[in-house]
file final_15.cif (mmCIF, C-alpha atoms)
data_start
loop_
_atom_site.group_PDB
_atom_site.id
_atom_site.type_symbol
_atom_site.label_atom_id
_atom_site.label_comp_id
_atom_site.auth_asym_id
_atom_site.auth_seq_id
_atom_site.Cartn_x
_atom_site.Cartn_y
_atom_site.Cartn_z
ATOM 1 C CA MET A 918 53.972 60.667 44.076
ATOM 2 C CA ASP A 919 54.783 63.934 42.265
ATOM 3 C CA LYS A 920 53.467 64.471 38.748
ATOM 4 C CA PRO A 921 56.241 64.624 36.136
ATOM 5 C CA LEU A 922 56.269 68.162 34.734
ATOM 6 C CA ASN A 923 56.527 67.092 31.111
ATOM 7 C CA SER A 924 53.658 64.618 31.448
ATOM 8 C CA THR A 925 50.409 65.543 29.713
ATOM 9 C CA ALA A 926 48.472 63.481 32.245
ATOM 10 C CA GLY A 927 46.545 65.357 34.879
ATOM 11 C CA PHE A 928 45.653 68.896 35.749
ATOM 12 C CA PHE A 929 48.367 71.431 36.613
ATOM 13 C CA ARG A 930 47.881 74.741 38.403
ATOM 14 C CA ILE A 931 50.979 76.803 37.658
ATOM 15 C CA GLY A 932 51.576 79.837 39.856
ATOM 16 C CA LEU A 933 53.026 82.950 38.216
ATOM 17 C CA VAL A 934 54.823 85.580 40.246
ATOM 18 C CA SER A 935 57.234 88.374 39.453
ATOM 19 C CA ASP A 936 59.009 91.350 40.929
ATOM 20 C CA THR A 937 59.045 90.300 44.574
ATOM 21 C CA HIS A 938 62.203 92.397 45.124
ATOM 22 C CA GLY A 939 63.118 90.435 48.244
ATOM 23 C CA GLN A 940 59.659 90.766 49.804
ATOM 24 C CA LEU A 941 57.409 87.703 49.610
ATOM 25 C CA ASP A 942 54.103 88.947 50.951
ATOM 26 C CA PRO A 943 52.430 86.287 53.149
ATOM 27 C CA LYS A 944 49.308 86.678 50.980
ATOM 28 C CA ALA A 945 51.326 85.808 47.848
ATOM 29 C CA TYR A 946 52.801 82.805 49.636
ATOM 30 C CA ALA A 947 49.342 81.627 50.673
ATOM 31 C CA ALA A 948 47.898 82.211 47.187
ATOM 32 C CA LEU A 949 50.605 80.024 45.628
ATOM 33 C CA ALA A 950 50.247 77.214 48.188
ATOM 34 C CA GLU A 951 47.975 75.030 46.026
ATOM 35 C CA CYS A 952 50.153 75.237 42.892
ATOM 36 C CA ASP A 953 51.816 72.253 41.260
ATOM 37 C CA HIS A 954 54.657 74.427 39.944
ATOM 38 C CA ILE A 955 55.651 78.078 40.428
ATOM 39 C CA ILE A 956 57.269 80.351 37.858
ATOM 40 C CA HIS A 957 59.089 83.467 39.062
ATOM 41 C CA ALA A 958 59.661 85.935 36.215
ATOM 42 C CA GLY A 959 62.562 87.821 37.761
ATOM 43 C CA ASP A 960 63.540 90.573 40.170
ATOM 44 C CA ILE A 961 63.487 87.896 42.830
ATOM 45 C CA GLY A 962 65.538 89.822 45.377
ATOM 46 C CA GLY A 963 67.377 86.987 47.064
ATOM 47 C CA PRO A 964 67.710 83.218 47.378
ATOM 48 C CA ASP A 965 65.396 83.168 50.418
ATOM 49 C CA ILE A 966 62.453 83.946 48.112
ATOM 50 C CA ILE A 967 63.218 80.913 45.947
ATOM 51 C CA ARG A 968 63.655 78.696 49.017
ATOM 52 C CA SER A 969 60.310 79.863 50.424
ATOM 53 C CA LEU A 970 58.537 79.156 47.141
ATOM 54 C CA GLU A 971 60.257 75.759 46.843
ATOM 55 C CA SER A 972 58.641 74.799 50.145
ATOM 56 C CA LEU A 973 55.333 74.962 48.238
ATOM 57 C CA ALA A 974 56.156 73.481 44.810
ATOM 58 C CA PRO A 975 58.964 73.122 42.270
ATOM 59 C CA VAL A 976 60.131 76.539 41.052
ATOM 60 C CA THR A 977 61.357 77.777 37.691
ATOM 61 C CA ALA A 978 62.887 81.247 37.975
ATOM 62 C CA VAL A 979 64.762 83.711 35.776
ATOM 63 C CA LEU A 980 67.037 86.617 36.575
ATOM 64 C CA GLY A 981 65.679 90.143 36.534
ATOM 65 C CA ASN A 982 67.548 93.416 36.193
ATOM 66 C CA ASN A 983 67.902 93.581 39.998
ATOM 67 C CA ASP A 984 69.143 89.992 40.412
ATOM 68 C CA TYR A 985 72.707 88.761 40.465
ATOM 69 C CA ASP A 986 74.479 85.422 40.211
ATOM 70 C CA GLU A 987 73.563 84.495 43.787
ATOM 71 C CA TYR A 988 71.136 81.785 42.613
ATOM 72 C CA GLY A 989 73.625 79.523 40.853
ATOM 73 C CA ALA A 990 73.340 77.913 37.446
ATOM 74 C CA ALA A 991 69.683 76.915 37.937
ATOM 75 C CA VAL A 992 68.508 80.516 37.450
ATOM 76 C CA GLY A 993 69.497 82.231 34.215
ATOM 77 C CA ARG A 994 68.162 84.889 31.873
ATOM 78 C CA PHE A 995 65.722 82.474 30.184
ATOM 79 C CA ALA A 996 63.845 79.316 31.118
ATOM 80 C CA HIS A 997 62.059 76.861 28.819
ATOM 81 C CA PRO A 998 59.998 74.548 31.041
ATOM 82 C CA VAL A 999 57.471 72.069 29.715
ATOM 83 C CA ILE A 1000 54.726 71.641 32.310
ATOM 84 C CA GLY A 1001 51.739 69.405 31.753
ATOM 85 C CA GLY A 1002 52.767 69.047 28.116
ATOM 86 C CA VAL A 1003 52.735 72.825 27.541
ATOM 87 C CA ARG A 1004 55.988 74.487 26.468
ATOM 88 C CA LEU A 1005 56.745 77.858 28.081
ATOM 89 C CA LEU A 1006 59.296 80.612 27.587
ATOM 90 C CA VAL A 1007 60.089 82.661 30.693
ATOM 91 C CA ALA A 1008 62.173 85.860 30.801
ATOM 92 C CA HIS A 1009 62.115 89.038 32.837
ATOM 93 C CA TYR A 1010 61.891 91.587 30.025
ATOM 94 C CA PRO A 1011 58.772 91.687 27.837
ATOM 95 C CA GLN A 1012 60.846 92.118 24.661
ATOM 96 C CA ASP A 1013 62.695 88.880 25.487
ATOM 97 C CA VAL A 1014 59.535 86.782 25.112
ATOM 98 C CA ARG A 1015 58.420 88.273 21.796
ATOM 99 C CA ILE A 1016 58.998 85.805 18.981
ATOM 100 C CA GLY A 1017 59.462 86.656 15.314
ATOM 101 C CA PHE A 1018 60.200 84.675 12.169
ATOM 102 C CA SER A 1019 63.856 84.431 13.137
ATOM 103 C CA GLY A 1020 63.202 83.467 16.742
ATOM 104 C CA GLY A 1021 63.877 85.967 19.484
ATOM 105 C CA PRO A 1022 66.260 86.686 22.349
ATOM 106 C CA GLY A 1023 65.058 83.649 24.309
ATOM 107 C CA ILE A 1024 64.443 81.260 21.437
ATOM 108 C CA ALA A 1025 66.408 80.235 18.374
ATOM 109 C CA PRO A 1026 64.706 79.821 14.975
ATOM 110 C CA VAL A 1027 65.030 76.016 15.223
ATOM 111 C CA ASP A 1028 63.584 75.773 18.754
ATOM 112 C CA PRO A 1029 59.993 74.602 19.272
ATOM 113 C CA ILE A 1030 57.533 77.472 19.630
ATOM 114 C CA PRO A 1031 56.314 77.963 23.206
ATOM 115 C CA ARG A 1032 52.581 78.024 23.775
ATOM 116 C CA VAL A 1033 52.911 80.442 26.686
ATOM 117 C CA CYS A 1034 55.413 83.264 27.247
ATOM 118 C CA VAL A 1035 55.744 84.736 30.752
ATOM 119 C CA HIS A 1036 57.585 87.934 31.685
ATOM 120 C CA GLY A 1037 57.863 90.428 34.511
ATOM 121 C CA HIS A 1038 59.616 93.822 34.744
ATOM 122 C CA THR A 1039 56.700 96.139 33.945
ATOM 123 C CA HIS A 1040 54.935 95.600 37.305
ATOM 124 C CA VAL A 1041 51.685 95.826 35.290
ATOM 125 C CA PRO A 1042 49.568 92.681 34.899
ATOM 126 C CA GLU A 1043 48.432 91.653 31.437
ATOM 127 C CA ILE A 1044 47.218 88.678 29.430
ATOM 128 C CA ILE A 1045 47.762 88.877 25.683
ATOM 129 C CA ALA A 1046 46.054 86.192 23.607
ATOM 130 C CA GLY A 1047 45.167 85.491 19.999
ATOM 131 C CA ALA A 1048 46.834 87.270 17.086
ATOM 132 C CA ASP A 1049 48.693 89.705 19.369
ATOM 133 C CA ALA A 1050 50.446 86.805 21.128
ATOM 134 C CA ARG A 1051 51.362 84.815 18.012
ATOM 135 C CA PRO A 1052 53.111 82.576 17.398
ATOM 136 C CA ALA A 1053 52.522 81.759 21.093
ATOM 137 C CA ASP A 1054 48.984 81.366 22.403
ATOM 138 C CA TYR A 1055 49.543 83.660 25.392
ATOM 139 C CA VAL A 1056 51.953 86.329 26.589
ATOM 140 C CA ILE A 1057 51.447 86.887 30.311
ATOM 141 C CA CYS A 1058 52.794 89.304 32.902
ATOM 142 C CA PRO A 1059 51.517 88.444 36.387
ATOM 143 C CA GLY A 1060 52.099 92.012 37.543
ATOM 144 C CA ALA A 1061 54.120 92.657 40.667
ATOM 145 C CA ALA A 1062 53.889 90.970 44.034
ATOM 146 C CA PHE A 1063 55.710 94.039 45.409
ATOM 147 C CA ARG A 1064 55.483 97.684 44.250
ATOM 148 C CA PRO A 1065 52.777 97.410 41.585
ATOM 149 C CA ARG A 1066 52.402 100.101 38.929
ATOM 150 C CA GLY A 1067 49.668 101.503 36.718
ATOM 151 C CA GLY A 1068 47.088 101.696 39.491
ATOM 152 C CA PHE A 1069 46.985 97.894 39.842
ATOM 153 C CA PRO A 1070 47.161 96.066 43.168
ATOM 154 C CA ARG A 1071 49.864 93.565 44.110
ATOM 155 C CA CYS A 1072 49.167 90.529 41.923
ATOM 156 C CA ILE A 1073 50.042 86.941 41.131
ATOM 157 C CA GLY A 1074 48.800 84.757 38.292
ATOM 158 C CA TYR A 1075 47.729 81.229 37.519
ATOM 159 C CA LEU A 1076 48.040 79.157 34.380
ATOM 160 C CA PHE A 1077 45.687 76.165 34.243
ATOM 161 C CA VAL A 1078 46.926 73.262 32.098
ATOM 162 C CA GLU A 1079 45.495 69.824 31.406
ATOM 163 C CA GLY A 1080 46.260 67.209 28.776
ATOM 164 C CA GLY A 1081 48.833 69.386 27.019
ATOM 165 C CA ARG A 1082 46.331 72.255 26.654
ATOM 166 C CA VAL A 1083 46.004 75.634 28.318
ATOM 167 C CA LEU A 1084 42.569 75.754 29.924
ATOM 168 C CA GLY A 1085 42.831 79.311 31.156
ATOM 169 C CA VAL A 1086 44.831 82.119 32.701
ATOM 170 C CA ARG A 1087 43.895 84.226 35.704
ATOM 171 C CA ILE A 1088 45.620 87.174 37.342
ATOM 172 C CA GLU A 1089 44.356 88.142 40.748
ATOM 173 C CA SER A 1090 45.172 90.591 43.495
ATOM 174 C CA LEU A 1091 46.752 89.301 46.677
ATOM 175 C CA ASP A 1092 43.319 89.770 48.237
ATOM 176 C CA GLY A 1093 41.908 87.212 45.765
ATOM 177 C CA ASP A 1094 40.050 89.615 43.466
ATOM 178 C CA VAL A 1095 40.219 88.676 39.769
ATOM 179 C CA VAL A 1096 42.074 91.353 37.782
ATOM 180 C CA PHE A 1097 42.128 89.581 34.387
ATOM 181 C CA GLU A 1098 40.944 86.170 33.284
ATOM 182 C CA THR A 1099 40.606 84.206 30.078
ATOM 183 C CA GLY A 1100 39.455 80.645 29.479
ATOM 184 C CA GLY A 1101 38.348 78.187 32.122
ATOM 185 C CA ARG A 1102 39.543 78.095 35.689
ATOM 186 C CA ASN A 1103 39.705 75.766 38.639
#
call {"tool": "encode", "arguments": {"input": "final_15.cif", "output": "structure tokens"}}
result
Amino acid sequence: MDKPLNSTAGFFRIGLVSDTHGQLDPKAYAALAECDHIIHAGDIGGPDIIRSLESLAPVTAVLGNNDYDEYGAAVGRFAHPVIGGVRLLVAHYPQDVRIGFSGGPGIAPVDPIPRVCVHGHTHVPEIIAGADARPADYVICPGAAFRPRGGFPRCIGYLFVEGGRVLGVRIESLDGDVVFETGGRN
């Protein structure tokens, strides 16, 4: 039986991917195979990418600047999933996940504050934590699964959640080398 996404029971491995641009590298597909949920932070490049990822796990995706309305109502500019009891905000642009006193582009002032914000667009992996991420706990860009920038390899990320808490975040190359990591991992 599938775990309910909003349940705080159990351990969740959430795959993070962005900027596939219509090219889902077999190594990215394999790296995401053990995930309980996959988040695609935009520049998907076609519905076939979403269908391929859905063969692995449920997918939450947002539109990037190179995506169009071909995905239907399920894929919009923002997503607000709650997975394993952890509230997320997902958008393609980094400025869309920044939250101020009056909310932000992806969150109204009365909305609950997400613990984790995920974006794409830059093609550069990063994990921001602590005071620089506030009021969220983390701001994450998994890098790019296609056409990386900044001297980084093609990357994907993982968010490890259990009991409504973030245990850790890891970004790794498609060859499995750890690029950035914080907290615990499984």
call {"tool": "residues_around", "arguments": {"input": "final_15.cif", "residues": "Tyr1010 of chain A", "least_positions_apart": "3", "cutoff": "6 Å", "atoms": "all atoms listed in the file", "output": "PyMOL selection string"}}
result
chain A and resi 1013+1036+1038
call {"tool": "closest_residue", "arguments": {"input": "final_15.cif", "among": "A:Ile1073, A:Ile955, A:Ile1016, A:Val1083", "to": "Ala1050 of chain A", "atoms": "all atoms listed in the file"}}
result
A:Ile1016
call {"tool": "residues_near_point", "arguments": {"input": "final_15.cif", "point": "(57.1, 98.4, 33.0)", "cutoff": "9 Å", "atoms": "all atoms listed in the file", "output": "number ranges by chain"}}
result
A: 1010-1011, 1037-1041, 1066-1067
call {"tool": "write_last_selection", "arguments": {"input": "final_15.cif", "atoms": "C-alpha atoms", "output": "compact mmCIF listing (two decimals), in the frame of the given file"}}
result
# COMPACT_ATOMS: atom_id res chain seq x y z
CA TYR A 1010 61.89 91.59 30.02
CA PRO A 1011 58.77 91.69 27.84
CA GLY A 1037 57.86 90.43 34.51
CA HIS A 1038 59.62 93.82 34.74
CA THR A 1039 56.70 96.14 33.94
CA HIS A 1040 54.94 95.60 37.30
CA VAL A 1041 51.68 95.83 35.29
CA ARG A 1066 52.40 100.10 38.93
CA GLY A 1067 49.67 101.50 36.72
call {"tool": "residues_around", "arguments": {"input": "final_15.cif", "residues": "Phe1018 of chain A", "least_positions_apart": "4", "cutoff": "10 Å", "atoms": "only C-alpha atoms", "output": "number ranges by chain"}}
result
A: 1025-1026, 1052
call {"tool": "write_last_selection", "arguments": {"input": "final_15.cif", "atoms": "C-alpha atoms", "output": "PDB file, keeping the file's coordinate frame"}}
result
ATOM      1  CA  ALA A1025      66.408  80.235  18.374  1.00  0.00           C
ATOM      2  CA  PRO A1026      64.706  79.821  14.975  1.00  0.00           C
ATOM      3  CA  PRO A1052      53.111  82.576  17.398  1.00  0.00           C
TER       4      PRO A1052
END
call {"tool": "atom_distance", "arguments": {"input": "final_15.cif", "atom1": "atom CA of Ser972 of chain A", "atom2": "atom CA of Asp953 of chain A"}}
result
11.5 Å
call {"tool": "residues_around", "arguments": {"input": "final_15.cif", "residues": "Tyr946 of chain A", "least_positions_apart": "2", "cutoff": "12 Å", "atoms": "all atoms listed in the file", "output": "short mmCIF file (atom, residue, chain, number, x, y, z; two decimals) with C-alpha atoms, in the frame of the given file"}}
result
data_model
loop_
_atom_site.label_atom_id
_atom_site.label_comp_id
_atom_site.auth_asym_id
_atom_site.auth_seq_id
_atom_site.Cartn_x
_atom_site.Cartn_y
_atom_site.Cartn_z
CA GLY A 932 51.58 79.84 39.86
CA LEU A 933 53.03 82.95 38.22
CA VAL A 934 54.82 85.58 40.25
CA THR A 937 59.04 90.30 44.57
CA GLN A 940 59.66 90.77 49.80
CA LEU A 941 57.41 87.70 49.61
CA ASP A 942 54.10 88.95 50.95
CA PRO A 943 52.43 86.29 53.15
CA LYS A 944 49.31 86.68 50.98
CA ALA A 948 47.90 82.21 47.19
CA LEU A 949 50.60 80.02 45.63
CA ALA A 950 50.25 77.21 48.19
CA GLU A 951 47.98 75.03 46.03
CA CYS A 952 50.15 75.24 42.89
CA ILE A 955 55.65 78.08 40.43
CA ILE A 966 62.45 83.95 48.11
CA ILE A 967 63.22 80.91 45.95
CA ARG A 968 63.66 78.70 49.02
CA SER A 969 60.31 79.86 50.42
CA LEU A 970 58.54 79.16 47.14
CA GLU A 971 60.26 75.76 46.84
CA SER A 972 58.64 74.80 50.14
CA LEU A 973 55.33 74.96 48.24
CA ALA A 974 56.16 73.48 44.81
CA ALA A 1062 53.89 90.97 44.03
CA CYS A 1072 49.17 90.53 41.92
CA ILE A 1073 50.04 86.94 41.13
CA LEU A 1091 46.75 89.30 46.68
CA ASP A 1092 43.32 89.77 48.24
#
call {"tool": "resolve_selection", "arguments": {"input": "final_15.cif", "expression": "the PyMOL selection byres ((chain A and resi 1077) around 8)", "output": "MDAnalysis selection string"}}
result
chainID A and resid 928:931 1075:1076 1078:1079 1083:1086 1101:1103
call {"tool": "atom_distance", "arguments": {"input": "final_15.cif", "atom1": "atom CA of Val1003 of chain A", "atom2": "atom CA of Arg1032 of chain A"}}
result
6.4 Å
call {"tool": "resolve_selection", "arguments": {"input": "final_15.cif", "expression": "the PyMOL selection byres ((chain A and resi 1031) around 8)", "output": "MDAnalysis selection string"}}
result
chainID A and resid 1003:1006 1029:1030 1032:1034 1053
